[in-house]
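Text of final.txt (compact mmCIF, C-alpha atoms) as supplied:
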```
# COMPACT_ATOMS: atom_id res chain seq x y z
CA MET A 1 0.00 0.00 0.00
CA SER A 2 1.43 3.34 -0.96
CA SER A 3 1.21 6.34 1.31
CA PRO A 4 0.09 9.80 0.20
CA ALA A 5 3.59 11.10 0.83
CA SER A 6 5.17 8.55 -1.43
CA ALA A 7 3.20 9.78 -4.41
CA THR A 8 4.98 13.11 -4.27
CA HIS A 9 8.40 11.79 -3.42
CA PRO A 10 10.98 13.33 -5.77
CA LEU A 11 12.34 9.90 -6.60
CA ALA A 12 8.97 8.35 -7.31
CA HIS A 13 8.52 9.95 -10.76
CA ASP A 14 9.29 8.26 -14.04
CA ALA A 15 8.74 4.85 -12.48
CA GLY A 16 9.61 3.05 -15.69
CA SER A 17 13.11 4.45 -16.13
CA ALA A 18 16.26 2.82 -14.80
CA ALA A 19 17.51 6.15 -13.46
CA HIS A 20 14.30 6.77 -11.50
CA PRO A 21 12.98 3.44 -10.17
CA ASP A 22 9.49 3.02 -8.77
CA MET A 23 10.23 3.76 -5.12
CA ASP A 24 7.12 2.10 -3.70
CA ALA A 25 8.07 -1.11 -5.52
CA THR A 26 11.65 -0.74 -4.30
CA TYR A 27 10.57 -0.34 -0.67
CA ARG A 28 8.29 -3.36 -1.00
CA LYS A 29 11.23 -5.37 -2.33
CA ILE A 30 13.41 -4.27 0.59
CA ALA A 31 10.67 -5.08 3.11
CA TRP A 32 10.18 -8.58 1.68
CA ARG A 33 13.94 -9.23 1.81
CA LEU A 34 14.68 -7.84 5.29
CA ILE A 35 11.57 -7.98 7.46
CA PRO A 36 10.88 -11.77 7.51
CA PHE A 37 14.47 -12.50 8.57
CA LEU A 38 14.49 -9.75 11.21
CA VAL A 39 11.12 -10.94 12.48
CA PHE A 40 12.49 -14.48 12.77
CA LEU A 41 15.47 -13.24 14.77
CA PHE A 42 13.34 -11.24 17.15
CA ILE A 43 10.96 -14.16 17.62
CA LEU A 44 13.95 -16.17 18.83
CA ALA A 45 15.04 -13.32 21.10
CA TRP A 46 11.56 -12.83 22.51
CA ILE A 47 11.03 -16.55 23.14
CA ASP A 48 14.37 -16.81 24.95
CA ARG A 49 13.53 -13.69 26.95
CA VAL A 50 10.06 -14.72 28.14
CA ASN A 51 10.15 -18.54 28.19
CA VAL A 52 10.85 -18.17 31.90
CA GLY A 53 7.12 -17.43 32.18
CA PHE A 54 6.37 -21.01 31.11
CA ALA A 55 9.32 -22.51 32.99
CA LYS A 56 7.83 -20.86 36.10
CA LEU A 57 4.86 -23.25 36.02
CA GLN A 58 7.13 -26.08 37.25
CA MET A 59 10.46 -24.38 38.02
CA LEU A 60 9.21 -22.55 41.12
CA GLN A 61 7.98 -25.76 42.71
CA ASP A 62 11.16 -27.70 41.88
CA LEU A 63 13.48 -24.97 43.21
CA GLN A 64 11.21 -23.72 46.01
CA PHE A 65 11.16 -20.15 44.67
CA SER A 66 8.45 -17.68 45.71
CA GLU A 67 6.43 -15.52 43.33
CA ALA A 68 8.48 -12.52 44.49
CA ILE A 69 11.74 -14.30 43.58
CA TYR A 70 10.32 -15.06 40.15
CA GLY A 71 9.14 -11.48 39.66
CA LEU A 72 12.56 -10.08 40.57
CA GLY A 73 14.40 -12.58 38.38
CA ALA A 74 12.09 -12.03 35.41
CA GLY A 75 12.53 -8.28 35.72
CA ILE A 76 16.25 -8.07 36.49
CA PHE A 77 16.85 -8.95 32.84
CA PHE A 78 15.98 -5.34 32.06
CA ILE A 79 18.63 -3.92 34.39
CA GLY A 80 21.36 -5.50 32.27
CA TYR A 81 19.44 -4.44 29.19
CA PHE A 82 19.29 -0.84 30.43
CA LEU A 83 22.99 -0.58 31.28
CA PHE A 84 24.33 -1.92 27.98
CA GLU A 85 21.79 -0.88 25.37
CA VAL A 86 23.14 2.57 24.45
CA PRO A 87 26.77 1.32 24.17
CA SER A 88 25.57 -1.55 21.98
CA ASN A 89 23.71 0.75 19.59
CA LEU A 90 26.61 3.19 19.36
CA LEU A 91 28.84 0.21 18.56
CA LEU A 92 26.40 -0.83 15.82
CA GLU A 93 26.70 2.63 14.27
CA LYS A 94 30.49 2.23 14.34
CA ILE A 95 31.10 -1.40 13.28
CA GLY A 96 27.86 -2.17 11.45
CA ALA A 97 24.64 -4.09 11.90
CA ARG A 98 25.81 -7.53 10.73
CA LYS A 99 28.53 -7.99 13.33
CA THR A 100 26.49 -6.42 16.11
CA LEU A 101 23.28 -8.39 15.51
CA ALA A 102 25.20 -11.66 14.98
CA ARG A 103 27.10 -11.20 18.26
CA ILE A 104 23.90 -10.46 20.15
CA THR A 105 22.00 -13.43 18.68
CA ILE A 106 24.70 -16.00 19.42
CA LEU A 107 25.31 -14.82 22.97
CA TRP A 108 21.68 -14.62 24.02
CA GLY A 109 21.15 -18.19 22.80
CA GLY A 110 24.02 -19.38 24.97
CA ALA A 111 22.80 -17.43 27.99
CA SER A 112 19.31 -18.85 27.60
CA MET A 113 20.65 -22.41 27.51
CA ALA A 114 22.61 -21.76 30.71
CA MET A 115 19.31 -21.01 32.50
CA ALA A 116 18.65 -24.76 32.51
CA TYR A 117 21.22 -25.17 35.27
CA VAL A 118 19.82 -22.65 37.77
CA THR A 119 19.63 -24.03 41.31
CA THR A 120 19.50 -20.96 43.58
CA PRO A 121 17.85 -17.52 43.52
CA THR A 122 21.29 -15.91 43.12
CA MET A 123 22.05 -17.99 40.02
CA PHE A 124 18.60 -17.13 38.69
CA TYR A 125 19.20 -13.40 39.15
CA VAL A 126 22.74 -13.49 37.70
CA LEU A 127 21.80 -15.42 34.56
CA ARG A 128 18.74 -13.28 33.90
CA PHE A 129 20.94 -10.19 34.28
CA ILE A 130 23.51 -11.66 31.84
CA LEU A 131 20.74 -12.47 29.36
CA GLY A 132 19.74 -8.80 29.48
CA VAL A 133 23.34 -7.67 28.95
CA VAL A 134 23.93 -9.84 25.89
CA GLU A 135 20.54 -9.11 24.29
CA ALA A 136 20.91 -5.36 24.88
CA GLY A 137 20.86 -3.46 21.64
CA PHE A 138 18.99 -5.93 19.45
CA PHE A 139 15.61 -4.22 19.29
CA PRO A 140 16.87 -0.61 19.06
CA GLY A 141 19.58 -1.85 16.72
CA VAL A 142 16.95 -3.14 14.30
CA VAL A 143 14.90 0.07 14.66
CA LEU A 144 18.06 2.03 13.80
CA TYR A 145 18.97 -0.39 10.99
CA LEU A 146 15.58 0.14 9.34
CA THR A 147 16.19 3.91 9.26
CA TYR A 148 19.09 3.17 6.87
CA TRP A 149 16.58 1.75 4.38
CA PHE A 150 13.22 3.52 4.79
CA PRO A 151 12.28 7.22 4.97
CA ALA A 152 9.84 8.49 7.61
CA ASN A 153 6.65 8.10 5.57
CA HIS A 154 7.22 4.32 5.38
CA ARG A 155 8.44 3.66 8.91
CA ALA A 156 5.24 3.09 10.91
CA ARG A 157 4.16 0.26 8.62
CA VAL A 158 7.69 -1.19 8.44
CA ASN A 159 8.08 -0.94 12.21
CA GLY A 160 4.66 -2.55 12.53
CA LEU A 161 5.67 -5.44 10.30
CA PHE A 162 8.88 -5.96 12.26
CA MET A 163 7.13 -5.65 15.62
CA THR A 164 4.67 -8.36 14.71
CA SER A 165 7.52 -10.48 16.04
CA PHE A 166 6.30 -9.62 19.57
CA ALA A 167 2.93 -11.06 18.80
CA ILE A 168 4.07 -13.94 16.58
CA ALA A 169 6.53 -15.00 19.27
CA GLY A 170 3.70 -15.09 21.79
CA ALA A 171 1.47 -16.96 19.35
CA VAL A 172 4.01 -19.65 18.38
CA GLY A 173 6.16 -19.54 21.50
CA GLY A 174 3.32 -20.45 23.83
CA PRO A 175 2.31 -23.68 22.09
CA ILE A 176 5.96 -24.68 21.55
CA ALA A 177 6.80 -24.06 25.21
CA GLY A 178 3.67 -25.89 26.30
CA ALA A 179 4.54 -28.88 24.11
CA ILE A 180 8.12 -29.03 25.45
CA MET A 181 6.94 -28.71 29.06
CA ASN A 182 4.28 -31.36 28.46
CA GLY A 183 6.45 -33.86 26.61
CA MET A 184 10.00 -33.59 28.01
CA GLN A 185 9.50 -34.22 31.72
CA GLY A 186 12.20 -36.56 32.99
CA VAL A 187 13.87 -37.09 29.62
CA GLY A 188 17.62 -37.50 30.14
CA HIS A 189 17.26 -36.86 33.88
CA LEU A 190 16.34 -33.22 33.24
CA ALA A 191 13.15 -31.45 34.24
CA ASN A 192 10.78 -30.19 31.56
CA TRP A 193 11.66 -26.54 32.29
CA GLN A 194 15.37 -27.33 31.83
CA TRP A 195 14.66 -28.80 28.40
CA LEU A 196 12.66 -25.68 27.60
CA PHE A 197 15.68 -23.41 28.06
CA ILE A 198 18.04 -25.74 26.18
CA LEU A 199 15.84 -26.49 23.17
CA GLU A 200 14.81 -22.87 22.71
CA GLY A 201 18.38 -21.54 23.04
CA ILE A 202 19.99 -23.71 20.35
CA PRO A 203 18.22 -22.10 17.32
CA SER A 204 19.41 -18.64 18.39
CA VAL A 205 23.06 -19.69 18.37
CA ILE A 206 22.67 -21.16 14.89
CA ALA A 207 20.76 -18.11 13.59
CA GLY A 208 23.57 -15.77 14.64
CA PHE A 209 25.86 -17.24 11.99
CA PHE A 210 23.18 -16.77 9.32
CA VAL A 211 23.12 -13.06 10.19
CA LEU A 212 26.74 -12.75 9.06
CA LYS A 213 25.97 -14.49 5.79
CA PHE A 214 22.63 -13.02 4.72
CA LEU A 215 22.11 -9.55 6.24
CA PRO A 216 23.30 -6.63 4.03
CA GLU A 217 24.86 -3.69 5.87
CA ARG A 218 23.32 -0.81 3.86
CA PRO A 219 21.34 -0.37 0.61
CA GLU A 220 24.59 -0.11 -1.38
CA ASN A 221 25.54 -3.62 -0.15
CA ALA A 222 22.26 -5.27 -1.21
CA ARG A 223 23.01 -7.36 -4.30
CA TRP A 224 19.29 -7.93 -4.86
CA LEU A 225 18.78 -4.19 -5.56
CA THR A 226 19.73 -2.69 -8.90
CA ARG A 227 22.37 0.03 -8.89
CA ALA A 228 19.69 2.64 -9.57
CA GLU A 229 17.59 1.36 -6.67
CA GLN A 230 20.57 1.38 -4.30
CA GLN A 231 21.39 4.97 -5.18
CA ALA A 232 17.77 6.14 -5.00
CA VAL A 233 17.19 4.63 -1.55
CA SER A 234 20.47 5.98 -0.20
CA ARG A 235 19.72 9.47 -1.56
CA ALA A 236 16.20 9.49 -0.12
CA VAL A 237 17.37 8.56 3.38
CA ALA A 238 20.40 10.89 3.26
CA ALA A 239 18.28 13.84 2.12
CA GLU A 240 15.80 13.29 4.92
CA ASN A 241 18.54 13.01 7.55
CA GLN A 242 20.00 16.33 6.43
CA GLN A 243 16.79 18.21 7.09
CA GLY A 244 17.38 21.03 9.56
CA HIS A 245 14.86 19.92 12.20
CA LYS A 246 16.65 16.66 12.99
CA HIS A 247 19.31 16.13 15.66
CA VAL A 248 22.41 14.31 14.42
CA SER A 249 24.58 14.26 17.57
CA LEU A 250 23.86 12.28 20.73
CA LEU A 251 24.55 15.30 22.96
CA SER A 252 22.01 17.47 21.16
CA ALA A 253 19.45 14.66 21.32
CA CYS A 254 19.95 14.26 25.07
CA ARG A 255 19.25 17.98 25.51
CA ASP A 256 15.89 17.65 23.77
CA TYR A 257 12.99 17.15 26.19
CA ARG A 258 11.23 15.06 23.53
CA VAL A 259 13.74 12.24 23.99
CA TRP A 260 12.96 12.04 27.71
CA LEU A 261 9.24 12.40 27.07
CA CYS A 262 9.40 9.49 24.61
CA ALA A 263 11.31 7.46 27.21
CA ALA A 264 8.57 8.08 29.80
CA VAL A 265 5.81 7.16 27.35
CA TYR A 266 7.66 4.03 26.29
CA PHE A 267 8.19 3.01 29.93
CA CYS A 268 4.44 3.02 30.43
CA ILE A 269 3.70 1.13 27.20
CA VAL A 270 6.35 -1.52 27.90
CA SER A 271 4.91 -2.20 31.35
CA GLY A 272 1.91 -3.73 29.60
CA ASN A 273 4.04 -5.71 27.19
CA ALA A 274 6.11 -7.16 30.02
CA THR A 275 2.92 -8.07 31.84
CA ILE A 276 1.42 -10.12 29.02
CA ALA A 277 4.83 -11.62 28.19
CA PHE A 278 5.81 -12.81 31.67
CA TRP A 279 2.42 -13.32 33.31
CA SER A 280 0.01 -14.57 30.62
CA PRO A 281 0.73 -18.25 31.47
CA SER A 282 0.09 -17.53 35.16
CA ILE A 283 -3.07 -15.54 34.39
CA ILE A 284 -4.39 -18.38 32.23
CA LYS A 285 -3.51 -20.90 34.95
CA GLU A 286 -5.26 -18.73 37.55
CA ILE A 287 -8.51 -18.78 35.57
CA GLY A 288 -8.59 -22.57 35.82
CA ILE A 289 -6.45 -24.07 33.01
CA GLN A 290 -3.87 -26.52 34.37
CA ASN A 291 -2.46 -28.51 31.43
CA THR A 292 0.72 -26.83 30.16
CA LEU A 293 0.01 -27.60 26.50
CA GLN A 294 -3.48 -26.09 26.81
CA ILE A 295 -2.00 -23.04 28.55
CA GLY A 296 0.44 -22.63 25.66
CA LEU A 297 -2.28 -22.91 23.03
CA ILE A 298 -4.66 -20.53 24.81
CA SER A 299 -1.88 -17.99 25.42
CA ALA A 300 -1.50 -17.67 21.64
CA ILE A 301 -4.97 -16.15 21.23
CA PRO A 302 -4.23 -12.67 22.67
CA PHE A 303 -1.01 -12.43 20.67
CA LEU A 304 -2.69 -13.39 17.40
CA ALA A 305 -5.24 -10.62 17.91
CA GLY A 306 -2.43 -8.24 18.85
CA THR A 307 -0.58 -9.08 15.62
CA LEU A 308 -3.51 -8.00 13.48
CA ALA A 309 -4.00 -4.83 15.52
CA MET A 310 -0.32 -3.94 15.29
CA VAL A 311 -0.16 -4.24 11.51
CA TRP A 312 -3.46 -2.39 10.98
CA ASN A 313 -2.53 0.47 13.31
CA GLY A 314 0.84 0.98 11.60
CA LEU A 315 -0.71 0.93 8.13
CA HIS A 316 -3.51 3.30 9.09
CA SER A 317 -1.12 5.69 10.83
CA ASP A 318 1.09 5.90 7.73
CA LYS A 319 -1.93 6.32 5.47
CA THR A 320 -3.32 9.24 7.49
CA GLY A 321 0.03 10.67 8.62
CA GLU A 322 -1.32 10.84 12.20
CA ARG A 323 0.74 9.44 15.11
CA ARG A 324 -0.44 10.85 18.46
CA MET A 325 -4.00 9.54 18.65
CA HIS A 326 -3.10 6.21 17.08
CA CYS A 327 -0.66 5.68 19.96
CA ALA A 328 -2.82 7.17 22.74
CA ILE A 329 -6.01 5.30 21.86
CA ALA A 330 -4.08 2.02 21.75
CA ALA A 331 -2.71 2.71 25.25
CA LEU A 332 -6.23 3.45 26.54
CA ILE A 333 -7.49 0.16 25.08
CA ALA A 334 -4.60 -1.59 26.84
CA ALA A 335 -5.52 0.00 30.17
CA ALA A 336 -9.16 -0.99 29.83
CA GLY A 337 -8.22 -4.57 28.94
CA LEU A 338 -5.90 -4.94 31.93
CA ILE A 339 -8.52 -3.60 34.33
CA LEU A 340 -11.16 -5.95 32.94
CA THR A 341 -8.74 -8.89 33.17
CA GLY A 342 -8.27 -8.17 36.87
CA LEU A 343 -12.03 -7.87 37.41
CA PHE A 344 -12.90 -11.07 35.54
CA LEU A 345 -10.27 -13.50 36.86
CA HIS A 346 -13.16 -15.55 38.28
CA SER A 347 -14.49 -16.19 34.75
CA ALA A 348 -12.23 -17.98 32.26
CA VAL A 349 -14.05 -16.74 29.13
CA LEU A 350 -14.38 -13.11 30.23
CA ALA A 351 -10.80 -12.98 31.53
CA LEU A 352 -9.43 -14.35 28.24
CA CYS A 353 -11.48 -11.81 26.25
CA ALA A 354 -10.19 -9.00 28.47
CA LEU A 355 -6.59 -10.22 28.18
CA THR A 356 -7.02 -10.28 24.39
CA LEU A 357 -8.31 -6.70 24.46
CA ALA A 358 -5.29 -5.67 26.54
CA SER A 359 -2.92 -7.35 24.08
CA ILE A 360 -4.58 -5.57 21.15
CA GLY A 361 -4.00 -2.18 22.76
CA ILE A 362 -0.49 -2.89 24.03
CA LEU A 363 0.86 -4.29 20.77
CA ALA A 364 -0.90 -1.74 18.53
CA ALA A 365 0.87 1.12 20.32
CA PHE A 366 4.41 -0.02 19.44
CA PRO A 367 4.83 0.62 15.69
CA VAL A 368 3.24 4.08 15.86
CA PHE A 369 5.26 5.06 18.91
CA TRP A 370 8.58 4.39 17.17
CA SER A 371 7.63 6.74 14.34
CA ILE A 372 7.63 9.62 16.84
CA PRO A 373 11.35 9.75 17.87
CA SER A 374 12.57 8.90 14.35
CA ALA A 375 10.87 12.12 13.20
CA PHE A 376 13.43 14.28 15.02
CA LEU A 377 16.52 12.02 15.33
CA ALA A 378 19.10 11.02 12.71
CA GLY A 379 22.65 9.64 12.51
CA THR A 380 24.46 9.20 15.83
CA ALA A 381 21.54 10.91 17.57
CA ALA A 382 19.25 8.18 16.26
CA ALA A 383 21.66 5.43 17.34
CA GLY A 384 22.03 6.76 20.87
CA GLY A 385 18.62 8.38 21.22
CA ILE A 386 16.62 5.34 20.12
CA ALA A 387 18.71 3.12 22.41
CA LEU A 388 18.31 5.58 25.31
CA ILE A 389 14.52 5.69 24.88
CA ASN A 390 14.34 1.92 24.58
CA SER A 391 16.62 1.23 27.54
CA ILE A 392 14.82 3.60 29.91
CA GLY A 393 11.45 2.41 28.65
CA ASN A 394 12.40 -1.21 29.13
CA LEU A 395 13.09 -0.62 32.81
CA ALA A 396 9.32 -1.16 32.99
CA GLY A 397 10.17 -4.75 32.15
CA PHE A 398 11.83 -4.86 35.58
CA VAL A 399 9.26 -2.80 37.46
CA ALA A 400 6.07 -4.43 36.17
CA PRO A 401 6.95 -8.14 36.74
CA TYR A 402 8.47 -7.33 40.14
CA MET A 403 5.44 -5.32 41.26
CA ILE A 404 3.00 -7.95 40.03
CA GLY A 405 4.97 -10.69 41.81
CA ALA A 406 5.26 -8.67 45.03
CA LEU A 407 1.57 -7.70 45.00
CA LYS A 408 0.51 -11.29 44.32
CA THR A 409 2.70 -12.52 47.17
CA SER A 410 1.17 -9.96 49.56
CA THR A 411 -2.47 -10.11 48.37
CA GLY A 412 -2.76 -13.61 46.94
CA SER A 413 -4.23 -12.29 43.67
CA LEU A 414 -2.97 -11.00 40.33
CA SER A 415 -5.67 -8.33 40.13
CA SER A 416 -3.87 -5.58 42.06
CA GLY A 417 -0.78 -5.91 39.87
CA LEU A 418 -2.89 -5.70 36.71
CA TYR A 419 -4.51 -2.50 37.98
CA PHE A 420 -1.06 -1.03 38.65
CA VAL A 421 0.02 -1.67 35.06
CA ALA A 422 -3.29 -0.34 33.72
CA ALA A 423 -2.60 2.95 35.50
CA LEU A 424 0.75 3.20 33.67
CA GLU A 425 -1.00 2.69 30.33
CA PHE A 426 -3.36 5.57 31.19
CA VAL A 427 -0.31 7.73 31.94
CA ALA A 428 1.15 6.85 28.51
CA ALA A 429 -2.01 8.02 26.77
CA PHE A 430 -2.08 11.23 28.82
CA LEU A 431 1.56 12.09 28.05
CA VAL A 432 1.13 11.50 24.33
CA VAL A 433 -2.06 13.54 24.01
CA VAL A 434 -0.88 16.45 26.16
CA PHE A 435 2.82 16.76 25.41
CA VAL A 436 3.61 15.17 22.01
CA LYS A 437 3.22 17.76 19.27
CA LYS A 438 1.27 17.05 16.13
CA GLN A 439 3.58 16.13 13.24
```
Take the structure in the file and give it back as structure tokens.
Amino acid sequence: MSSPASATHPLAHDAGSAAHPDMDATYRKIAWRLIPFLVFLFILAWIDRVNVGFAKLQMLQDLQFSEAIYGLGAGIFFIGYFLFEVPSNLLLEKIGARKTLARITILWGGASMAMAYVTTPTMFYVLRFILGVVEAGFFPGVVLYLTYWFPANHRARVNGLFMTSFAIAGAVGGPIAGAIMNGMQGVGHLANWQWLFILEGIPSVIAGFFVLKFLPERPENARWLTRAEQQAVSRAVAAENQQGHKHVSLLSACRDYRVWLCAAVYFCIVSGNATIAFWSPSIIKEIGIQNTLQIGLISAIPFLAGTLAMVWNGLHSDKTGERRMHCAIAALIAAAGLILTGLFLHSAVLALCALTLASIGILAAFPVFWSIPSAFLAGTAAAGGIALINSIGNLAGFVAPYMIGALKTSTGSLSSGLYFVAALEFVAAFLVVVFVKKQ
């Protein structure tokens, strides 16, 4: 689907000539070449990040861990993520995407496999922290990498396509984790949760080597683009980055209040994402489902709905050129869904419908949100600024699971934690509507 802006793009004219290729067709070609592979990589990353939510169903009993220990361990991942994300993205800008993304993919696979040998809370905390350190930079690195290929009027839909990996990972990861947990108990003298970490870590290590072989660094390195297409894409992105309203240095970006505003908004949005990622299996178990395979299959439903909402919201935002309300309304839907989930935990059907509504809102907010900072950041400012926003925002991945675990330990119910996260989603909508300027 072409956007209104693309029709007037200076490089979109004379679509039939070699010197002036059809830019919409070129961007579609790039998307088909890059996005499926990047989605696959992030699915692996997401599964290895959140499979602890399924391991928890048996791991806590085997190791005698409390809900609070689990909440802290699940969330401490994001402390390592926070500390190393900006350096990782600045390194990507310096040495390139291929080496950076390959290094990250291989190391997070190894760290995930090591989780199979946790025996104490300290080991649990340390390995989750290490997993955060080695995965740091992957998501903002891809967001930055896509800015090398697509101008602003294509980014919401492209970000949306890439970020379907959140939802696809939840949709396929749940059933896979449920099947492993259900079928591998006692095999080779290992518990089912140990097999979960091992079997889901191996593909990531292998995939890292494919990054080095198949991922082109920049448009000029893409052999599947013609020379005219390479030059046209590079010129379009370079011209946009040279516009006067964009920051190009990290220092100037850090002085801009909009970077910190985006970080605050993203913190609130991510709190919901962390909630559905780390607690959906527990929520589904709490409403009366006990079989791990059934939990895995049912947990896919909210993520499938979220996938459709994410793609539609990104496409519609690009088509209309509107960002603020697309992001704010999604956050409000997320808040409403989380509140209803807490209210309906006594009813399996109503709780699942509410959790699906929450997932629709949470996931739909992501692609549109990332079009906001890319509108005023470029170059090194984009590398550092995007990573800074993502790292601060992802601290919610520590706060939300920890607070939900602590509140469940103290109250005996998940409801209070869900209400806490819903309040953060309301704050996200408020900040966007009140403080983000119309573009």
Shell around Met325 in chain A at 9 Å using all atoms listed in the file, local window under 5 positions removed, as a list in words: Ala330, Ala429, Val432 and Val433 of chain A
Nearest to Met123 in chain A, chosen from A:Ala387, A:Leu63, A:Ala169, A:Met181, with all atoms listed in the file counted in the distances: A:Leu63
Residue contacts of Ala191 in chain A (9 Å, only C-alpha atoms) excluding same-chain residues fewer than 2 positions away, as a PyMOL selection string: chain A and resi 58-59+62+116+181+184-189+193-196
Within-12 Å shell of (2.9, 7.7, 36.0) in input frame, all atoms listed in the file, as a ChimeraX atom specification: /A:261,264-269,271,396,420-431
Residue among A:Gly173, A:Pro367, A:Pro216, A:Gly96 lying closest to His316 in chain A, counting all atoms listed in the file: A:Pro367
Top pick for closest residue to Pro87 in chain A, considering A:Gly170, A:Gly201, A:Pro36, A:Gly384 and counting only C-alpha atoms: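 With only C-alpha atoms as the atom set, the closest residue is A:Gly384.
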Residue list as a ChimeraX atom specification for point (3.0, -12.7, 20.3), cut-off 10 Å, all atoms listed in the file: /A:43,46-47,163-174,273,276-277,299-307,359,363
Nearest candidate to Phe129 in chain A (options A:Gly80, A:Pro373, A:Gly342, A:Pro203; using all atoms listed in the file):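 Among the listed residues, A:Gly80 lies closest to Phe129 in chain A.
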Distance in Å - CA of Asn153 in chain A versus CA of Arg324 in chain A: 15.0 Å
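Rounded to one decimal, CA of Tyr27 in chain A and CA of Ser88 in chain A lie 27.2 Å from each other.
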